[in-house]
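S.K.: To be precise about what I am sending: the file is called entry_14.cif and holds mmCIF, C-alpha atoms.
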data_run
loop_
_atom_site.group_PDB
_atom_site.id
_atom_site.type_symbol
_atom_site.label_atom_id
_atom_site.label_comp_id
_atom_site.auth_asym_id
_atom_site.auth_seq_id
_atom_site.Cartn_x
_atom_site.Cartn_y
_atom_site.Cartn_z
ATOM 1 C CA MET A 44 34.582 -94.152 217.804
ATOM 2 C CA PRO A 45 36.607 -95.699 220.642
ATOM 3 C CA GLU A 46 35.901 -94.837 224.275
ATOM 4 C CA PHE A 47 38.310 -92.254 225.594
ATOM 5 C CA LYS A 48 39.625 -91.769 229.091
ATOM 6 C CA PRO A 49 38.181 -88.643 230.750
ATOM 7 C CA PRO A 50 40.385 -85.522 230.664
ATOM 8 C CA ARG A 51 42.800 -85.026 233.579
ATOM 9 C CA PRO A 52 42.254 -82.061 235.924
ATOM 10 C CA GLY A 53 43.333 -78.874 234.135
ATOM 11 C CA GLU A 54 42.823 -80.261 230.625
ATOM 12 C CA ILE A 55 40.524 -78.300 228.310
ATOM 13 C CA GLU A 56 38.057 -79.844 225.861
ATOM 14 C CA ILE A 57 36.802 -77.888 222.880
ATOM 15 C CA GLU A 58 33.853 -78.358 220.580
ATOM 16 C CA LEU A 59 35.273 -79.421 217.232
ATOM 17 C CA PRO A 60 33.945 -77.919 213.965
ATOM 18 C CA VAL A 61 30.873 -79.681 212.591
ATOM 19 C CA ALA A 62 32.512 -80.584 209.281
ATOM 20 C CA PHE A 63 35.939 -81.443 207.920
ATOM 21 C CA ASP A 64 37.666 -79.106 205.469
ATOM 22 C CA ALA A 65 39.579 -81.704 203.444
ATOM 23 C CA GLY A 66 40.063 -85.454 203.176
ATOM 24 C CA VAL A 67 43.064 -87.751 203.438
ATOM 25 C CA TYR A 68 43.769 -91.108 201.820
ATOM 26 C CA PHE A 69 45.482 -93.829 203.785
ATOM 27 C CA ILE A 70 48.332 -94.693 201.407
ATOM 28 C CA GLY A 71 49.890 -97.501 203.419
ATOM 29 C CA ARG A 72 50.294 -99.136 206.780
ATOM 30 C CA ILE A 73 53.135 -99.187 209.312
ATOM 31 C CA ARG A 74 54.071 -102.565 210.773
ATOM 32 C CA THR A 75 55.732 -102.412 214.187
ATOM 33 C CA PRO A 76 56.067 -104.807 217.128
ATOM 34 C CA TRP A 77 53.797 -102.662 219.338
ATOM 35 C CA THR A 78 50.116 -103.520 219.588
ATOM 36 C CA SER A 79 48.931 -100.847 222.012
ATOM 37 C CA THR A 80 49.894 -97.291 222.931
ATOM 38 C CA SER A 81 51.168 -98.486 226.302
ATOM 39 C CA ASP A 82 53.642 -100.803 224.499
ATOM 40 C CA CYS A 83 55.058 -97.991 222.347
ATOM 41 C CA PRO A 84 58.418 -96.572 223.413
ATOM 42 C CA LYS A 85 58.269 -93.085 224.868
ATOM 43 C CA SER A 86 59.288 -90.806 222.058
ATOM 44 C CA SER A 87 59.815 -87.320 223.363
ATOM 45 C CA SER A 88 63.589 -87.630 223.634
ATOM 46 C CA GLN A 89 64.525 -90.915 221.996
ATOM 47 C CA ARG A 90 63.172 -93.155 219.251
ATOM 48 C CA SER A 91 63.361 -96.895 219.132
ATOM 49 C CA ASP A 92 66.083 -98.589 217.099
ATOM 50 C CA VAL A 93 63.686 -101.375 216.066
ATOM 51 C CA VAL A 94 63.230 -101.913 212.313
ATOM 52 C CA ALA A 95 59.653 -101.256 211.171
ATOM 53 C CA THR A 96 58.129 -102.026 207.780
ATOM 54 C CA ILE A 97 56.036 -99.494 205.914
ATOM 55 C CA GLU A 98 53.724 -101.176 203.393
ATOM 56 C CA ILE A 99 52.451 -98.993 200.546
ATOM 57 C CA PHE A 100 49.010 -99.721 199.091
ATOM 58 C CA PRO A 101 48.231 -99.761 195.373
ATOM 59 C CA PRO A 102 47.907 -97.450 193.454
ATOM 60 C CA PHE A 103 50.595 -95.559 195.373
ATOM 61 C CA THR A 104 53.543 -97.992 195.194
ATOM 62 C CA ALA A 105 55.227 -96.339 192.179
ATOM 63 C CA GLY A 106 55.736 -93.302 194.386
ATOM 64 C CA LEU A 107 58.650 -95.139 196.060
ATOM 65 C CA ARG A 108 60.846 -94.806 192.963
ATOM 66 C CA ASP A 109 64.255 -93.323 193.908
ATOM 67 C CA LEU A 110 63.414 -92.975 197.623
ATOM 68 C CA GLY A 111 66.281 -95.396 198.281
ATOM 69 C CA LEU A 112 68.713 -92.686 197.104
ATOM 70 C CA PHE A 113 68.055 -90.859 200.368
ATOM 71 C CA SER A 114 69.369 -91.899 203.788
ATOM 72 C CA HIS A 115 66.336 -90.598 205.710
ATOM 73 C CA ALA A 116 62.667 -89.771 205.199
ATOM 74 C CA LEU A 117 59.855 -88.015 207.017
ATOM 75 C CA ALA A 118 56.949 -90.374 207.674
ATOM 76 C CA LEU A 119 53.530 -88.825 208.348
ATOM 77 C CA TYR A 120 50.887 -91.110 209.792
ATOM 78 C CA TRP A 121 47.354 -90.952 211.120
ATOM 79 C CA LEU A 122 46.864 -91.635 214.820
ATOM 80 C CA ASP A 123 43.363 -92.952 214.357
ATOM 81 C CA ARG A 124 42.834 -94.084 217.929
ATOM 82 C CA ALA A 125 43.360 -90.636 219.437
ATOM 83 C CA ARG A 126 40.690 -88.157 220.497
ATOM 84 C CA ARG A 127 40.993 -84.755 218.827
ATOM 85 C CA ASP A 128 39.359 -82.300 221.212
ATOM 86 C CA LEU A 129 41.819 -81.665 224.077
ATOM 87 C CA ILE A 130 43.327 -78.262 223.313
ATOM 88 C CA GLU A 131 45.276 -78.051 226.584
ATOM 89 C CA GLN A 132 46.717 -81.207 228.078
ATOM 90 C CA VAL A 133 48.592 -82.182 231.229
ATOM 91 C CA PRO A 134 51.383 -84.547 230.180
ATOM 92 C CA SER A 135 52.562 -87.027 232.791
ATOM 93 C CA HIS A 136 55.944 -85.281 233.077
ATOM 94 C CA LEU A 137 54.419 -81.844 233.753
ATOM 95 C CA ALA A 138 52.212 -80.551 236.555
ATOM 96 C CA THR A 139 50.522 -77.804 234.517
ATOM 97 C CA PRO A 140 48.520 -77.780 231.288
ATOM 98 C CA ARG A 141 50.330 -77.103 228.035
ATOM 99 C CA GLY A 142 48.787 -76.203 224.660
ATOM 100 C CA VAL A 143 48.498 -79.065 222.199
ATOM 101 C CA PHE A 144 50.752 -77.224 219.709
ATOM 102 C CA ALA A 145 53.535 -77.254 222.317
ATOM 103 C CA LEU A 146 53.179 -81.031 222.749
ATOM 104 C CA ARG A 147 53.965 -84.073 220.596
ATOM 105 C CA SER A 148 50.901 -85.835 222.030
ATOM 106 C CA PRO A 149 48.903 -88.033 219.594
ATOM 107 C CA VAL A 150 45.799 -86.209 220.873
ATOM 108 C CA ARG A 151 45.475 -83.178 218.548
ATOM 109 C CA PRO A 152 42.884 -81.594 216.219
ATOM 110 C CA ASN A 153 44.424 -83.394 213.239
ATOM 111 C CA PRO A 154 45.986 -86.541 214.702
ATOM 112 C CA ILE A 155 49.055 -86.614 212.461
ATOM 113 C CA GLY A 156 52.200 -88.282 213.750
ATOM 114 C CA LEU A 157 55.596 -87.473 212.294
ATOM 115 C CA ALA A 158 58.916 -89.294 212.480
ATOM 116 C CA ALA A 159 62.289 -88.645 210.863
ATOM 117 C CA VAL A 160 63.185 -92.224 209.948
ATOM 118 C CA GLU A 161 66.393 -93.838 208.771
ATOM 119 C CA ILE A 162 65.792 -95.778 205.546
ATOM 120 C CA VAL A 163 67.108 -99.361 205.798
ATOM 121 C CA ASP A 164 65.979 -100.488 202.334
ATOM 122 C CA VAL A 165 63.239 -99.812 199.799
ATOM 123 C CA GLY A 166 61.358 -102.568 197.931
ATOM 124 C CA ALA A 167 58.689 -102.495 195.219
ATOM 125 C CA SER A 168 55.797 -101.903 197.611
ATOM 126 C CA SER A 169 57.352 -101.416 201.028
ATOM 127 C CA LEU A 170 60.340 -100.028 202.849
ATOM 128 C CA ARG A 171 62.078 -100.798 206.094
ATOM 129 C CA VAL A 172 62.961 -97.983 208.467
ATOM 130 C CA ARG A 173 64.339 -97.265 211.925
ATOM 131 C CA ASN A 174 63.180 -94.688 214.481
ATOM 132 C CA ILE A 175 59.420 -94.903 214.402
ATOM 133 C CA ASP A 176 57.361 -95.839 217.422
ATOM 134 C CA CYS A 177 53.688 -96.040 216.494
ATOM 135 C CA ILE A 178 51.219 -98.889 217.006
ATOM 136 C CA ASP A 179 51.226 -101.800 214.540
ATOM 137 C CA GLY A 180 48.818 -101.089 211.679
ATOM 138 C CA THR A 181 48.961 -97.297 211.903
ATOM 139 C CA PRO A 182 47.832 -95.749 208.581
ATOM 140 C CA LEU A 183 50.487 -93.916 206.571
ATOM 141 C CA ILE A 184 49.495 -90.638 204.909
ATOM 142 C CA ASP A 185 52.760 -89.311 203.433
ATOM 143 C CA LEU A 186 56.465 -89.972 202.954
ATOM 144 C CA LYS A 187 58.922 -87.204 202.101
ATOM 145 C CA PRO A 188 62.665 -87.328 201.502
ATOM 146 C CA TYR A 189 64.570 -85.758 204.404
ATOM 147 C CA TYR A 190 66.676 -82.726 203.441
ATOM 148 C CA ALA A 191 69.196 -81.895 206.167
ATOM 149 C CA SER A 192 69.542 -78.379 204.712
ATOM 150 C CA ILE A 193 65.946 -77.441 205.604
ATOM 151 C CA ASP A 194 64.751 -80.134 208.045
ATOM 152 C CA ALA A 195 67.670 -80.452 210.479
ATOM 153 C CA VAL A 196 67.837 -77.722 213.126
ATOM 154 C CA SER A 197 70.465 -79.157 215.455
ATOM 155 C CA ASP A 198 70.567 -76.101 217.718
ATOM 156 C CA ALA A 199 66.796 -75.949 218.300
ATOM 157 C CA THR A 200 66.054 -75.472 221.989
ATOM 158 C CA ARG A 201 63.218 -76.646 224.228
ATOM 159 C CA PRO A 202 62.241 -76.070 227.842
ATOM 160 C CA MET B 180 38.673 -77.877 191.556
ATOM 161 C CA PRO B 181 41.244 -75.707 189.782
ATOM 162 C CA GLU B 182 42.438 -76.500 186.265
ATOM 163 C CA PHE B 183 45.744 -78.330 186.273
ATOM 164 C CA LYS B 184 48.550 -78.240 183.772
ATOM 165 C CA PRO B 185 48.841 -81.518 181.829
ATOM 166 C CA PRO B 186 51.514 -83.964 183.063
ATOM 167 C CA ARG B 187 54.982 -83.654 181.563
ATOM 168 C CA PRO B 188 56.318 -86.496 179.391
ATOM 169 C CA GLY B 189 57.275 -89.397 181.662
ATOM 170 C CA GLU B 190 54.929 -88.434 184.486
ATOM 171 C CA ILE B 191 52.436 -91.052 185.668
ATOM 172 C CA GLU B 192 48.836 -90.349 186.667
ATOM 173 C CA ILE B 193 46.939 -92.738 188.895
ATOM 174 C CA GLU B 194 43.268 -93.172 189.610
ATOM 175 C CA LEU B 195 42.731 -91.994 193.180
ATOM 176 C CA PRO B 196 40.522 -93.978 195.598
ATOM 177 C CA VAL B 197 36.814 -93.143 195.373
ATOM 178 C CA ALA B 198 36.552 -92.061 199.005
ATOM 179 C CA PHE B 199 38.667 -90.443 201.685
ATOM 180 C CA ASP B 200 39.671 -92.406 204.782
ATOM 181 C CA ALA B 201 39.741 -89.534 207.283
ATOM 182 C CA GLY B 202 39.078 -85.805 207.509
ATOM 183 C CA VAL B 203 41.182 -82.807 208.470
ATOM 184 C CA TYR B 204 40.213 -79.491 210.023
ATOM 185 C CA PHE B 205 41.860 -76.304 208.856
ATOM 186 C CA ILE B 206 43.025 -74.894 212.198
ATOM 187 C CA GLY B 207 44.555 -71.667 210.912
ATOM 188 C CA ARG B 208 45.962 -69.769 207.982
ATOM 189 C CA ILE B 209 49.515 -68.845 206.973
ATOM 190 C CA ARG B 210 50.088 -65.254 205.862
ATOM 191 C CA THR B 211 53.069 -64.769 203.556
ATOM 192 C CA PRO B 212 54.041 -62.190 200.922
ATOM 193 C CA TRP B 213 53.632 -64.708 198.076
ATOM 194 C CA THR B 214 50.364 -64.814 196.167
ATOM 195 C CA SER B 215 51.117 -67.551 193.636
ATOM 196 C CA THR B 216 53.267 -70.662 193.466
ATOM 197 C CA SER B 217 55.550 -68.970 190.935
ATOM 198 C CA ASP B 218 56.270 -66.209 193.499
ATOM 199 C CA CYS B 219 57.253 -68.687 196.231
ATOM 200 C CA PRO B 220 60.963 -69.120 196.862
ATOM 201 C CA LYS B 221 62.402 -72.435 195.715
ATOM 202 C CA SER B 222 62.591 -74.539 198.816
ATOM 203 C CA SER B 223 64.534 -77.697 198.136
ATOM 204 C CA SER B 224 67.827 -76.399 199.512
ATOM 205 C CA GLN B 225 67.032 -73.105 201.197
ATOM 206 C CA ARG B 226 64.067 -71.476 202.894
ATOM 207 C CA SER B 227 63.236 -67.832 202.855
ATOM 208 C CA ASP B 228 64.235 -65.632 205.768
ATOM 209 C CA VAL B 229 61.002 -63.615 205.462
ATOM 210 C CA VAL B 230 58.809 -63.449 208.579
ATOM 211 C CA ALA B 231 55.404 -65.067 208.050
ATOM 212 C CA THR B 232 52.394 -64.921 210.371
ATOM 213 C CA ILE B 233 50.419 -68.007 211.272
ATOM 214 C CA GLU B 234 46.889 -67.137 212.408
ATOM 215 C CA ILE B 235 45.091 -69.742 214.520
ATOM 216 C CA PHE B 236 41.306 -70.003 214.254
ATOM 217 C CA PRO B 237 38.978 -70.395 217.230
ATOM 218 C CA PRO B 238 38.439 -72.823 218.953
ATOM 219 C CA PHE B 239 42.090 -73.850 218.540
ATOM 220 C CA THR B 240 43.913 -70.748 219.851
ATOM 221 C CA ALA B 241 44.451 -72.099 223.389
ATOM 222 C CA GLY B 242 46.647 -74.769 221.826
ATOM 223 C CA LEU B 243 49.419 -72.150 221.501
ATOM 224 C CA ARG B 244 50.019 -72.091 225.282
ATOM 225 C CA ASP B 245 53.748 -72.590 226.022
ATOM 226 C CA LEU B 246 54.759 -72.922 222.351
ATOM 227 C CA GLY B 247 56.897 -69.804 222.883
ATOM 228 C CA LEU B 248 59.151 -71.870 225.167
ATOM 229 C CA PHE B 249 60.512 -73.606 222.073
ATOM 230 C CA SER B 250 62.878 -72.050 219.531
ATOM 231 C CA HIS B 251 61.459 -73.962 216.547
ATOM 232 C CA ALA B 252 58.286 -75.744 215.430
ATOM 233 C CA LEU B 253 57.130 -78.037 212.669
ATOM 234 C CA ALA B 254 54.319 -76.472 210.650
ATOM 235 C CA LEU B 255 52.074 -78.799 208.634
ATOM 236 C CA TYR B 256 49.859 -77.184 206.039
ATOM 237 C CA TRP B 257 47.447 -78.150 203.298
ATOM 238 C CA LEU B 258 48.487 -77.385 199.724
ATOM 239 C CA ASP B 259 44.936 -77.051 198.507
ATOM 240 C CA ARG B 260 45.779 -75.866 195.003
ATOM 241 C CA ALA B 261 47.777 -78.972 194.103
ATOM 242 C CA ARG B 262 46.580 -81.979 192.127
ATOM 243 C CA ARG B 263 46.982 -85.287 193.964
ATOM 244 C CA ASP B 264 47.265 -87.929 191.265
ATOM 245 C CA LEU B 265 50.821 -87.749 189.833
ATOM 246 C CA ILE B 266 52.644 -90.691 191.387
ATOM 247 C CA GLU B 267 55.831 -90.192 189.326
ATOM 248 C CA GLN B 268 56.916 -86.684 188.446
ATOM 249 C CA VAL B 269 59.666 -85.070 186.394
ATOM 250 C CA PRO B 270 60.979 -82.127 188.411
ATOM 251 C CA SER B 271 62.512 -79.259 186.466
ATOM 252 C CA HIS B 272 66.003 -80.070 187.788
ATOM 253 C CA LEU B 273 65.868 -83.739 186.715
ATOM 254 C CA ALA B 274 65.536 -85.385 183.319
ATOM 255 C CA THR B 275 63.891 -88.586 184.576
ATOM 256 C CA PRO B 276 60.751 -89.325 186.579
ATOM 257 C CA ARG B 277 61.043 -89.722 190.327
ATOM 258 C CA GLY B 278 58.469 -91.190 192.708
ATOM 259 C CA VAL B 279 56.392 -88.661 194.620
ATOM 260 C CA PHE B 280 57.688 -90.010 197.958
ATOM 261 C CA ALA B 281 61.233 -89.115 196.848
ATOM 262 C CA LEU B 282 60.149 -85.518 196.080
ATOM 263 C CA ARG B 283 59.079 -82.530 198.164
ATOM 264 C CA SER B 284 56.636 -81.520 195.422
ATOM 265 C CA PRO B 285 53.273 -80.057 196.566
ATOM 266 C CA VAL B 286 51.644 -82.539 194.174
ATOM 267 C CA ARG B 287 51.108 -85.675 196.304
ATOM 268 C CA PRO B 288 48.268 -88.015 197.330
ATOM 269 C CA ASN B 289 47.810 -86.070 200.566
ATOM 270 C CA PRO B 290 48.993 -82.548 199.752
ATOM 271 C CA ILE B 291 50.617 -81.825 203.115
ATOM 272 C CA GLY B 292 53.468 -79.327 203.247
ATOM 273 C CA LEU B 293 55.945 -79.333 206.104
ATOM 274 C CA ALA B 294 58.416 -76.718 207.289
ATOM 275 C CA ALA B 295 60.753 -76.572 210.270
ATOM 276 C CA VAL B 296 60.208 -72.945 211.266
ATOM 277 C CA GLU B 297 62.029 -70.633 213.635
ATOM 278 C CA ILE B 298 59.601 -69.120 216.147
ATOM 279 C CA VAL B 299 59.916 -65.315 216.280
ATOM 280 C CA ASP B 300 57.122 -64.730 218.812
ATOM 281 C CA VAL B 301 53.818 -66.235 219.907
ATOM 282 C CA GLY B 302 50.674 -64.163 220.588
ATOM 283 C CA ALA B 303 47.202 -65.077 221.834
ATOM 284 C CA SER B 304 45.916 -66.251 218.458
ATOM 285 C CA SER B 305 48.899 -66.106 216.118
ATOM 286 C CA LEU B 306 52.620 -66.588 215.888
ATOM 287 C CA ARG B 307 55.367 -65.190 213.702
ATOM 288 C CA VAL B 308 57.881 -67.539 212.135
ATOM 289 C CA ARG B 309 60.782 -67.666 209.694
ATOM 290 C CA ASN B 310 61.576 -70.296 207.055
ATOM 291 C CA ILE B 311 58.253 -71.057 205.450
ATOM 292 C CA ASP B 312 57.582 -70.492 201.781
ATOM 293 C CA CYS B 313 53.961 -71.301 200.974
ATOM 294 C CA ILE B 314 51.344 -69.152 199.251
ATOM 295 C CA ASP B 315 49.512 -66.491 201.283
ATOM 296 C CA GLY B 316 46.361 -67.965 202.821
ATOM 297 C CA THR B 317 47.556 -71.578 202.916
ATOM 298 C CA PRO B 318 45.509 -73.559 205.483
ATOM 299 C CA LEU B 319 47.372 -74.778 208.576
ATOM 300 C CA ILE B 320 46.622 -78.288 209.821
ATOM 301 C CA ASP B 321 49.127 -78.824 212.662
ATOM 302 C CA LEU B 322 51.921 -77.273 214.693
ATOM 303 C CA LYS B 323 54.351 -79.365 216.702
ATOM 304 C CA PRO B 324 57.282 -78.331 218.884
ATOM 305 C CA TYR B 325 60.611 -79.172 217.227
ATOM 306 C CA TYR B 326 62.767 -81.608 219.210
ATOM 307 C CA ALA B 327 66.349 -81.594 217.937
ATOM 308 C CA SER B 328 66.913 -84.986 219.595
ATOM 309 C CA ILE B 329 64.458 -86.760 217.284
ATOM 310 C CA ASP B 330 63.822 -84.327 214.397
ATOM 311 C CA ALA B 331 67.321 -83.119 213.495
ATOM 312 C CA VAL B 332 69.339 -85.540 211.371
ATOM 313 C CA SER B 333 72.240 -83.338 210.351
ATOM 314 C CA ASP B 334 74.134 -86.129 208.569
ATOM 315 C CA ALA B 335 71.190 -87.212 206.385
ATOM 316 C CA THR B 336 72.313 -87.640 202.793
ATOM 317 C CA ARG B 337 70.555 -87.098 199.462
ATOM 318 C CA PRO B 338 71.466 -87.710 195.830
#
As a first step, turn the structure in this file into structure tokens.
M.R.:
Amino acid sequence: MPEFKPPRPGEIEIELPVAFDAGVYFIGRIRTPWTSTSDCPKSSSQRSDVVATIEIFPPFTAGLRDLGLFSHALALYWLDRARRDLIEQVPSHLATPRGVFALRSPVRPNPIGLAAVEIVDVGASSLRVRNIDCIDGTPLIDLKPYYASIDAVSDATRP
Amino acid sequence: MPEFKPPRPGEIEIELPVAFDAGVYFIGRIRTPWTSTSDCPKSSSQRSDVVATIEIFPPFTAGLRDLGLFSHALALYWLDRARRDLIEQVPSHLATPRGVFALRSPVRPNPIGLAAVEIVDVGASSLRVRNIDCIDGTPLIDLKPYYASIDAVSDATRP
């Protein structure tokens, strides 16, 4: 387990459950130019235009069949360097604590990152995408085709 | 482990890895009117307008703070009744196999479901939402605020 920075004033730590309820497989790896969280572009309002490569591990590569028919995908990945026990956090752009479920912070009970990516091209065991901003080597846990009819809420509002 | 239906002709089973790479906590439970997968509305083009309740378990309830400031959220949930080993599948609307990463099928290596939900209201330990179509009792694994600027791709295309 990596060493974590101490919580900021106002942040709330919880005691996590003693056991997990289910297990995930790492099905691939995301290759990006960023080697540390401080390198990664800030993502709350804009994603990077850099092309990243998502490598799929055997035996999961056949799952890519026909993904190239879609223009976009949802990538789900595992933020394995993040602590999981800060239930309220004070983001740098806010003065007061906010609940983790109202934040896109990598620090969350299940450290799953999500990006709506543009598909550049799909190969036999990898694909290239735009609009993802995680650290190089981040484990992939799922890829889903993006359906504008259910996934795109253009008039969604935020504070 | 529940009994699964045999694969359809053309579907491909894989041998899953012997061990998991990471663990998830079930942080809540989704209450819907649907008690079996056959009851659930078909979701590939349209979500149900029914109001569902997402209950958050202790010690995660404080994570809801300020979520009500957003109009929409991304709900991630664990489809714990689904098999995980069909890497190519033949959906009922297609005659040929498609890779799992080009399908929104619940059957996937990591059986994570995702819905962009409209937030109706947020309480101390639960919230009410529209546009989710899973079975009653489905475990919740994450909630994220929806950011139209990065999550909404209205011009995404599909075959």
S.K.: List the residues matched by the PyMOL selection byres ((chain A and resi 114) around 8) in the displayed structure as a PyMOL selection string, ordered by chain and then by residue number.
M.R.: (chain A and resi 111-113+115-116+161-162+189) or (chain B and resi 335-337)
S.K.: Dump as a PDB file with C-alpha atoms, in the coordinates of the input the residues of chain A that approach chain B to within 6 Å, counting all atoms listed in the file.
M.R.:
ATOM      1  CA  PHE A  63      35.939 -81.443 207.920  1.00  0.00           C
ATOM      2  CA  ASP A  64      37.666 -79.106 205.469  1.00  0.00           C
ATOM      3  CA  ALA A  65      39.579 -81.704 203.444  1.00  0.00           C
ATOM      4  CA  GLY A  66      40.063 -85.454 203.176  1.00  0.00           C
ATOM      5  CA  VAL A  67      43.064 -87.751 203.438  1.00  0.00           C
ATOM      6  CA  TYR A  68      43.769 -91.108 201.820  1.00  0.00           C
ATOM      7  CA  SER A  88      63.589 -87.630 223.634  1.00  0.00           C
ATOM      8  CA  GLY A 106      55.736 -93.302 194.386  1.00  0.00           C
ATOM      9  CA  LEU A 107      58.650 -95.139 196.060  1.00  0.00           C
ATOM     10  CA  ARG A 108      60.846 -94.806 192.963  1.00  0.00           C
ATOM     11  CA  ASP A 109      64.255 -93.323 193.908  1.00  0.00           C
ATOM     12  CA  LEU A 110      63.414 -92.975 197.623  1.00  0.00           C
ATOM     13  CA  LEU A 112      68.713 -92.686 197.104  1.00  0.00           C
ATOM     14  CA  PHE A 113      68.055 -90.859 200.368  1.00  0.00           C
ATOM     15  CA  SER A 114      69.369 -91.899 203.788  1.00  0.00           C
ATOM     16  CA  HIS A 115      66.336 -90.598 205.710  1.00  0.00           C
ATOM     17  CA  ILE A 130      43.327 -78.262 223.313  1.00  0.00           C
ATOM     18  CA  GLU A 131      45.276 -78.051 226.584  1.00  0.00           C
ATOM     19  CA  ARG A 141      50.330 -77.103 228.035  1.00  0.00           C
ATOM     20  CA  GLY A 142      48.787 -76.203 224.660  1.00  0.00           C
ATOM     21  CA  VAL A 143      48.498 -79.065 222.199  1.00  0.00           C
ATOM     22  CA  PHE A 144      50.752 -77.224 219.709  1.00  0.00           C
ATOM     23  CA  ALA A 145      53.535 -77.254 222.317  1.00  0.00           C
ATOM     24  CA  ASN A 153      44.424 -83.394 213.239  1.00  0.00           C
ATOM     25  CA  ALA A 159      62.289 -88.645 210.863  1.00  0.00           C
ATOM     26  CA  LEU A 186      56.465 -89.972 202.954  1.00  0.00           C
ATOM     27  CA  LYS A 187      58.922 -87.204 202.101  1.00  0.00           C
ATOM     28  CA  PRO A 188      62.665 -87.328 201.502  1.00  0.00           C
ATOM     29  CA  ALA A 191      69.196 -81.895 206.167  1.00  0.00           C
ATOM     30  CA  SER A 192      69.542 -78.379 204.712  1.00  0.00           C
ATOM     31  CA  ASP A 194      64.751 -80.134 208.045  1.00  0.00           C
ATOM     32  CA  ALA A 195      67.670 -80.452 210.479  1.00  0.00           C
ATOM     33  CA  VAL A 196      67.837 -77.722 213.126  1.00  0.00           C
ATOM     34  CA  SER A 197      70.465 -79.157 215.455  1.00  0.00           C
ATOM     35  CA  ALA A 199      66.796 -75.949 218.300  1.00  0.00           C
ATOM     36  CA  THR A 200      66.054 -75.472 221.989  1.00  0.00           C
ATOM     37  CA  ARG A 201      63.218 -76.646 224.228  1.00  0.00           C
ATOM     38  CA  PRO A 202      62.241 -76.070 227.842  1.00  0.00           C
TER      39      PRO A 202
END
S.K.: Quick one: pull the distance between atom CA of Cys313 of chain B and atom CA of Leu122 of chain A, Å, one decimal.
M.R.: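 Rounded to one decimal, the two atoms are 25.6 Å apart.
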S.K.: Could you tell me how far atom CA of Val229 of chain B sits from atom CA of Thr317 of chain B, in Å to one decimal place?
M.R.: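 Atom-to-atom, atom CA of Thr317 of chain B to atom CA of Val229 of chain B, that is 15.8 Å.
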S.K.: Point out the residue among B:Glu190, B:Arg263, B:Phe236, B:Gly316 with the least atom-to-atom distance to Ala303 of chain B, counting all atoms listed in the file.
M.R.: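 Looking only at the distances to Ala303 of chain B, the closest residue turns out to be B:Phe236.
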S.K.: Between B:Thr232, B:Ser227, B:Ser217, B:Arg187, which residue has the minimum interatomic distance to Asp300 of chain B, considering all atoms listed in the file?
M.R.: B:Thr232
S.K.: Record the distance separating atom CA of Pro186 of chain B and atom CA of Thr216 of chain B, expressed in Å with one decimal.
M.R.: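 Atom CA of Thr216 of chain B lies at a distance of 17.0 Å from atom CA of Pro186 of chain B.
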